[in-house]
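Participant: Sharing start_23.pdb below, PDB, C-alpha atoms:
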```pdb
ATOM      1  CA  MET A 288      -8.057   5.266 -22.398
ATOM      2  CA  THR A 289      -9.364   5.661 -18.868
ATOM      3  CA  THR A 290      -7.652   8.034 -16.458
ATOM      4  CA  GLN A 291      -6.872   6.215 -13.211
ATOM      5  CA  ASN A 292      -4.261   5.919 -10.476
ATOM      6  CA  TYR A 293      -1.023   4.239 -11.526
ATOM      7  CA  LEU A 294       1.724   3.037  -9.225
ATOM      8  CA  MET A 295       5.212   4.026 -10.304
ATOM      9  CA  ILE A 296       7.545   1.235  -9.172
ATOM     10  CA  GLU A 297      11.292   1.725  -9.239
ATOM     11  CA  ASN A 298      13.819  -0.777  -7.883
ATOM     12  CA  GLY A 299      11.053  -2.822  -6.269
ATOM     13  CA  VAL A 300       9.468   0.080  -4.362
ATOM     14  CA  VAL A 301       6.364   2.151  -5.075
ATOM     15  CA  THR A 302       7.878   5.626  -5.462
ATOM     16  CA  ASN A 303       4.834   7.565  -6.663
ATOM     17  CA  ILE A 304       1.142   7.349  -7.486
ATOM     18  CA  LEU A 305       0.034   9.234 -10.587
ATOM     19  CA  LEU A 306      -3.283  10.048 -12.194
ATOM     20  CA  TRP A 307      -2.654   8.971 -15.798
ATOM     21  CA  ASP A 308      -4.462   7.499 -18.786
ATOM     22  CA  GLY A 309      -1.635   5.102 -19.695
ATOM     23  CA  ASN A 310      -0.974   6.867 -22.989
ATOM     24  CA  THR A 311       2.786   6.962 -23.572
ATOM     25  CA  GLN A 312       2.218   9.339 -26.494
ATOM     26  CA  THR A 313       1.192  12.116 -24.072
ATOM     27  CA  TRP A 314       3.547  11.275 -21.162
ATOM     28  CA  GLN A 315       6.491   8.928 -20.943
ATOM     29  CA  PRO A 316       7.281   7.403 -17.537
ATOM     30  CA  PRO A 317      10.938   6.966 -16.559
ATOM     31  CA  SER A 318      12.532   4.158 -18.558
ATOM     32  CA  ASP A 319      13.380   2.151 -15.419
ATOM     33  CA  ALA A 320       9.879   2.453 -13.908
ATOM     34  CA  THR A 321       7.111  -0.133 -13.951
ATOM     35  CA  MET A 322       3.642   1.425 -14.184
ATOM     36  CA  LEU A 323       0.691  -0.564 -12.815
ATOM     37  CA  VAL A 324      -2.971   0.336 -12.313
ATOM     38  CA  GLN A 325      -3.349   0.754  -8.545
ATOM     39  CA  ASP A 326      -6.868  -0.708  -8.286
ATOM     40  CA  THR A 327      -5.780  -4.045  -9.775
ATOM     41  CA  ILE A 328      -2.668  -4.784  -7.710
ATOM     42  CA  PRO A 329      -2.684  -7.504  -5.036
ATOM     43  CA  THR A 330      -1.485  -6.063  -1.735
ATOM     44  CA  LYS A 331      -0.617  -7.185   1.760
ATOM     45  CA  VAL A 332      -1.587  -4.745   4.506
ATOM     46  CA  TRP A 333      -1.905  -4.988   8.283
ATOM     47  CA  GLY A 334      -5.288  -6.062   9.570
ATOM     48  CA  LEU A 335      -6.708  -7.346  12.839
ATOM     49  CA  VAL A 336      -7.607 -11.037  12.863
ATOM     50  CA  ASN A 337      -8.696 -12.571  16.170
ATOM     51  CA  GLU A 338      -7.253  -9.542  18.008
ATOM     52  CA  GLU A 339      -3.835 -10.025  16.401
ATOM     53  CA  TRP A 340      -2.195  -7.886  13.700
ATOM     54  CA  VAL A 341      -1.397  -9.963  10.606
ATOM     55  CA  LEU A 342      -0.679  -9.203   6.965
ATOM     56  CA  ILE A 343      -3.908  -9.708   5.036
ATOM     57  CA  ASP A 344      -4.455  -9.963   1.293
ATOM     58  CA  SER A 345      -6.335  -7.178  -0.428
ATOM     59  CA  ILE A 346      -6.562  -5.540  -3.837
ATOM     60  CA  GLY A 347      -5.737  -1.958  -4.752
ATOM     61  CA  ASN A 348      -4.406  -0.686  -1.420
ATOM     62  CA  ALA A 349      -0.752  -0.164  -2.382
ATOM     63  CA  ASP A 350       0.768   3.131  -1.339
ATOM     64  CA  ILE A 351       4.066   4.961  -1.683
ATOM     65  CA  GLY A 352       6.830   2.992   0.029
ATOM     66  CA  PHE A 353       5.255  -0.453  -0.446
ATOM     67  CA  THR A 354       7.627  -3.091  -1.789
ATOM     68  CA  TRP A 355       6.856  -4.887  -5.056
ATOM     69  CA  ASP A 356       8.076  -8.443  -5.645
ATOM     70  CA  GLY A 357       6.628  -8.793  -9.143
ATOM     71  CA  SER A 358       3.272 -10.156  -7.996
ATOM     72  CA  VAL A 359       2.230  -8.413  -4.759
ATOM     73  CA  ALA A 360       2.822  -5.037  -3.101
ATOM     74  CA  THR A 361       3.531  -5.315   0.636
ATOM     75  CA  THR A 362       3.221  -2.528   3.160
ATOM     76  CA  ASN A 363       6.375  -0.911   4.464
ATOM     77  CA  GLN A 364       4.667   0.060   7.711
ATOM     78  CA  PRO A 365       5.755  -1.666  10.927
ATOM     79  CA  LYS A 366       3.397  -4.115  12.567
ATOM     80  CA  PRO A 367       0.916  -2.117  14.678
ATOM     81  CA  THR A 368       0.668  -2.789  18.367
ATOM     82  CA  ILE A 369      -2.470  -3.078  20.412
ATOM     83  CA  PRO A 370      -2.136  -0.757  23.389
ATOM     84  CA  THR A 371      -2.709  -2.394  26.735
ATOM     85  CA  GLN A 372      -5.532  -1.038  28.799
ATOM     86  CA  PRO A 373      -4.568   0.402  32.163
ATOM     87  CA  THR A 374      -5.751  -1.625  35.111
ATOM     88  CA  SER A 375      -7.485  -0.233  38.126
ATOM     89  CA  ASP A 376      -7.652  -1.805  41.539
ATOM     90  CA  GLY A 377     -10.240   0.531  42.958
ATOM     91  CA  LEU A 378     -11.873   3.920  42.781
ATOM     92  CA  VAL A 379      -9.981   7.129  43.227
ATOM     93  CA  SER A 380     -11.799   9.915  45.005
ATOM     94  CA  ALA A 381     -11.858  13.335  43.459
TER
END
```
Could you spell out this file's structure in structure tokens?
Facilitator:
Amino acid sequence: MTTQNYLMIENGVVTNILLWDGNTQTWQPPSDATMLVQDTIPTKVWGLVNEEWVLIDSIGNADIGFTWDGSVATTNQPKPTIPTQPTSDGLVSA
């Protein structure tokens, strides 16, 4: 078995990320936890598209706190904001 990062999902939320080989003979995850290989999980994370923050599809980017609906892990982070640039109406002398 290959050692890799596993998501521990409990009650629909990623609660931990563990380096594990998937062998339940050497370690037994909690009985109520779902264990999934992190690199294979579809995710939705914030990304800039046409200068607007939108949830984009990716693979393997789930992190602690993401929600799991049985098919995709979605970020728990709030939508980022693009800071507005200050405007200037002239030069200021030093």
Participant: Hey, can you check how far atom CA of A:Gly299 sits from atom CA of A:Gln325?
Facilitator: 15.0 Å
Participant: Name the residues captured by the PyMOL selection byres ((chain A and resi 331-343) around 7) when it is applied to the shown file; answer as a list in words.
Facilitator: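 Applying the PyMOL selection byres ((chain A and resi 331-343) around 7) to the structure shown produces Thr330, Asp344, Ser345, Ala360, Thr361, Thr362, Lys366 and Pro367 of chain A.
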Participant: Could you tell me which residues the PyMOL selection byres ((chain A and resi 348-356) around 12) returns for this structure, as a PDB file with C-alpha atoms, in the frame of the given file?
Facilitator:
```pdb
ATOM      1  CA  ASN A 292      -4.261   5.919 -10.476  1.00  0.00           C
ATOM      2  CA  TYR A 293      -1.023   4.239 -11.526  1.00  0.00           C
ATOM      3  CA  LEU A 294       1.724   3.037  -9.225  1.00  0.00           C
ATOM      4  CA  MET A 295       5.212   4.026 -10.304  1.00  0.00           C
ATOM      5  CA  ILE A 296       7.545   1.235  -9.172  1.00  0.00           C
ATOM      6  CA  GLU A 297      11.292   1.725  -9.239  1.00  0.00           C
ATOM      7  CA  ASN A 298      13.819  -0.777  -7.883  1.00  0.00           C
ATOM      8  CA  GLY A 299      11.053  -2.822  -6.269  1.00  0.00           C
ATOM      9  CA  VAL A 300       9.468   0.080  -4.362  1.00  0.00           C
ATOM     10  CA  VAL A 301       6.364   2.151  -5.075  1.00  0.00           C
ATOM     11  CA  THR A 302       7.878   5.626  -5.462  1.00  0.00           C
ATOM     12  CA  ASN A 303       4.834   7.565  -6.663  1.00  0.00           C
ATOM     13  CA  ILE A 304       1.142   7.349  -7.486  1.00  0.00           C
ATOM     14  CA  LEU A 305       0.034   9.234 -10.587  1.00  0.00           C
ATOM     15  CA  ALA A 320       9.879   2.453 -13.908  1.00  0.00           C
ATOM     16  CA  THR A 321       7.111  -0.133 -13.951  1.00  0.00           C
ATOM     17  CA  MET A 322       3.642   1.425 -14.184  1.00  0.00           C
ATOM     18  CA  LEU A 323       0.691  -0.564 -12.815  1.00  0.00           C
ATOM     19  CA  VAL A 324      -2.971   0.336 -12.313  1.00  0.00           C
ATOM     20  CA  GLN A 325      -3.349   0.754  -8.545  1.00  0.00           C
ATOM     21  CA  ASP A 326      -6.868  -0.708  -8.286  1.00  0.00           C
ATOM     22  CA  THR A 327      -5.780  -4.045  -9.775  1.00  0.00           C
ATOM     23  CA  ILE A 328      -2.668  -4.784  -7.710  1.00  0.00           C
ATOM     24  CA  PRO A 329      -2.684  -7.504  -5.036  1.00  0.00           C
ATOM     25  CA  THR A 330      -1.485  -6.063  -1.735  1.00  0.00           C
ATOM     26  CA  LYS A 331      -0.617  -7.185   1.760  1.00  0.00           C
ATOM     27  CA  VAL A 332      -1.587  -4.745   4.506  1.00  0.00           C
ATOM     28  CA  TRP A 333      -1.905  -4.988   8.283  1.00  0.00           C
ATOM     29  CA  ILE A 343      -3.908  -9.708   5.036  1.00  0.00           C
ATOM     30  CA  ASP A 344      -4.455  -9.963   1.293  1.00  0.00           C
ATOM     31  CA  SER A 345      -6.335  -7.178  -0.428  1.00  0.00           C
ATOM     32  CA  ILE A 346      -6.562  -5.540  -3.837  1.00  0.00           C
ATOM     33  CA  GLY A 347      -5.737  -1.958  -4.752  1.00  0.00           C
ATOM     34  CA  GLY A 357       6.628  -8.793  -9.143  1.00  0.00           C
ATOM     35  CA  SER A 358       3.272 -10.156  -7.996  1.00  0.00           C
ATOM     36  CA  VAL A 359       2.230  -8.413  -4.759  1.00  0.00           C
ATOM     37  CA  ALA A 360       2.822  -5.037  -3.101  1.00  0.00           C
ATOM     38  CA  THR A 361       3.531  -5.315   0.636  1.00  0.00           C
ATOM     39  CA  THR A 362       3.221  -2.528   3.160  1.00  0.00           C
ATOM     40  CA  ASN A 363       6.375  -0.911   4.464  1.00  0.00           C
ATOM     41  CA  GLN A 364       4.667   0.060   7.711  1.00  0.00           C
ATOM     42  CA  PRO A 365       5.755  -1.666  10.927  1.00  0.00           C
TER      43      PRO A 365
END
```
Participant: On this structure, which residues satisfy the PyMOL selection byres ((chain A and resi 307) around 9), written as a list in words?
Facilitator: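 When the PyMOL selection byres ((chain A and resi 307) around 9) is applied to the shown file, the picked residues are Thr289, Thr290, Gln291, Asn292, Tyr293, Leu305, Leu306, Asp308, Gly309, Asn310 and Trp314 of chain A.
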Participant: May I have the centre and edge lengths, in Å to one decimal, of an axis-aligned box around the listed atoms of stretch 357-369 of chain A with 5 Å added to every side, as JSON?
Facilitator:
```
{"center_x": 2.1, "center_y": -5.0, "center_z": 5.6, "size_x": 19.1, "size_y": 20.2, "size_z": 39.6}
```
Participant: Taking all heavy atoms as the atom set, what does stretch 357-368 of chain A look like once completed, written as an mmCIF file, keeping the file's coordinate frame?
Facilitator:
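Dumped to rebuild-v5.cif:
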```cif
data_model
loop_
_atom_site.group_PDB
_atom_site.id
_atom_site.type_symbol
_atom_site.label_atom_id
_atom_site.label_comp_id
_atom_site.auth_asym_id
_atom_site.auth_seq_id
_atom_site.Cartn_x
_atom_site.Cartn_y
_atom_site.Cartn_z
ATOM 1 N N GLY A 357 7.002 -8.321 -7.816
ATOM 2 C CA GLY A 357 6.628 -8.793 -9.143
ATOM 3 C C GLY A 357 5.228 -9.365 -9.186
ATOM 4 O O GLY A 357 4.659 -9.553 -10.264
ATOM 5 N N SER A 358 4.641 -9.632 -8.018
ATOM 6 C CA SER A 358 3.272 -10.156 -7.996
ATOM 7 C C SER A 358 2.403 -9.547 -6.905
ATOM 8 O O SER A 358 1.187 -9.574 -7.006
ATOM 9 C CB SER A 358 3.288 -11.679 -7.845
ATOM 10 O OG SER A 358 3.908 -12.045 -6.631
ATOM 11 N N VAL A 359 3.015 -9.004 -5.850
ATOM 12 C CA VAL A 359 2.230 -8.413 -4.759
ATOM 13 C C VAL A 359 2.996 -7.234 -4.167
ATOM 14 O O VAL A 359 4.225 -7.255 -4.085
ATOM 15 C CB VAL A 359 1.895 -9.469 -3.667
ATOM 16 C CG1 VAL A 359 3.137 -9.956 -2.962
ATOM 17 C CG2 VAL A 359 0.882 -8.948 -2.672
ATOM 18 N N ALA A 360 2.244 -6.198 -3.775
ATOM 19 C CA ALA A 360 2.822 -5.037 -3.101
ATOM 20 C C ALA A 360 2.562 -5.194 -1.603
ATOM 21 O O ALA A 360 1.429 -5.413 -1.182
ATOM 22 C CB ALA A 360 2.191 -3.743 -3.613
ATOM 23 N N THR A 361 3.625 -5.105 -0.810
ATOM 24 C CA THR A 361 3.531 -5.315 0.636
ATOM 25 C C THR A 361 3.850 -4.024 1.372
ATOM 26 O O THR A 361 4.808 -3.327 1.036
ATOM 27 C CB THR A 361 4.507 -6.425 1.082
ATOM 28 O OG1 THR A 361 4.205 -7.613 0.340
ATOM 29 C CG2 THR A 361 4.379 -6.715 2.563
ATOM 30 N N THR A 362 3.038 -3.748 2.386
ATOM 31 C CA THR A 362 3.221 -2.528 3.160
ATOM 32 C C THR A 362 4.627 -2.412 3.720
ATOM 33 O O THR A 362 5.259 -3.407 4.047
ATOM 34 C CB THR A 362 2.206 -2.442 4.321
ATOM 35 O OG1 THR A 362 2.394 -1.192 5.008
ATOM 36 C CG2 THR A 362 2.346 -3.578 5.297
ATOM 37 N N ASN A 363 5.087 -1.187 3.837
ATOM 38 C CA ASN A 363 6.375 -0.911 4.464
ATOM 39 C C ASN A 363 6.187 -0.443 5.906
ATOM 40 O O ASN A 363 7.154 -0.143 6.587
ATOM 41 C CB ASN A 363 7.135 0.154 3.667
ATOM 42 C CG ASN A 363 6.393 1.482 3.628
ATOM 43 O OD1 ASN A 363 5.169 1.527 3.577
ATOM 44 N ND2 ASN A 363 7.124 2.576 3.635
ATOM 45 N N GLN A 364 4.952 -0.392 6.359
ATOM 46 C CA GLN A 364 4.667 0.060 7.711
ATOM 47 C C GLN A 364 4.995 -1.033 8.726
ATOM 48 O O GLN A 364 4.781 -2.219 8.459
ATOM 49 C CB GLN A 364 3.188 0.444 7.838
ATOM 50 C CG GLN A 364 2.778 1.597 6.939
ATOM 51 C CD GLN A 364 3.512 2.870 7.292
ATOM 52 O OE1 GLN A 364 3.579 3.252 8.445
ATOM 53 N NE2 GLN A 364 4.089 3.513 6.290
ATOM 54 N N PRO A 365 5.483 -0.650 9.908
ATOM 55 C CA PRO A 365 5.755 -1.666 10.927
ATOM 56 C C PRO A 365 4.445 -2.264 11.447
ATOM 57 O O PRO A 365 3.382 -1.647 11.346
ATOM 58 C CB PRO A 365 6.484 -0.894 12.035
ATOM 59 C CG PRO A 365 6.070 0.529 11.842
ATOM 60 C CD PRO A 365 5.813 0.696 10.360
ATOM 61 N N LYS A 366 4.564 -3.449 11.994
ATOM 62 C CA LYS A 366 3.397 -4.115 12.567
ATOM 63 C C LYS A 366 2.821 -3.244 13.681
ATOM 64 O O LYS A 366 3.545 -2.849 14.597
ATOM 65 C CB LYS A 366 3.806 -5.484 13.115
ATOM 66 C CG LYS A 366 2.667 -6.286 13.686
ATOM 67 C CD LYS A 366 3.174 -7.647 14.146
ATOM 68 C CE LYS A 366 2.045 -8.500 14.685
ATOM 69 N NZ LYS A 366 2.537 -9.841 15.070
ATOM 70 N N PRO A 367 1.521 -2.921 13.608
ATOM 71 C CA PRO A 367 0.916 -2.117 14.678
ATOM 72 C C PRO A 367 0.909 -2.891 15.999
ATOM 73 O O PRO A 367 1.002 -4.115 16.019
ATOM 74 C CB PRO A 367 -0.517 -1.876 14.190
ATOM 75 C CG PRO A 367 -0.494 -2.164 12.728
ATOM 76 C CD PRO A 367 0.575 -3.192 12.528
ATOM 77 N N THR A 368 0.795 -2.157 17.059
ATOM 78 C CA THR A 368 0.668 -2.789 18.367
ATOM 79 C C THR A 368 -0.696 -2.435 18.946
ATOM 80 O O THR A 368 -1.247 -1.380 18.657
ATOM 81 C CB THR A 368 1.766 -2.324 19.339
ATOM 82 O OG1 THR A 368 1.693 -0.907 19.465
ATOM 83 C CG2 THR A 368 3.138 -2.731 18.852
#
```
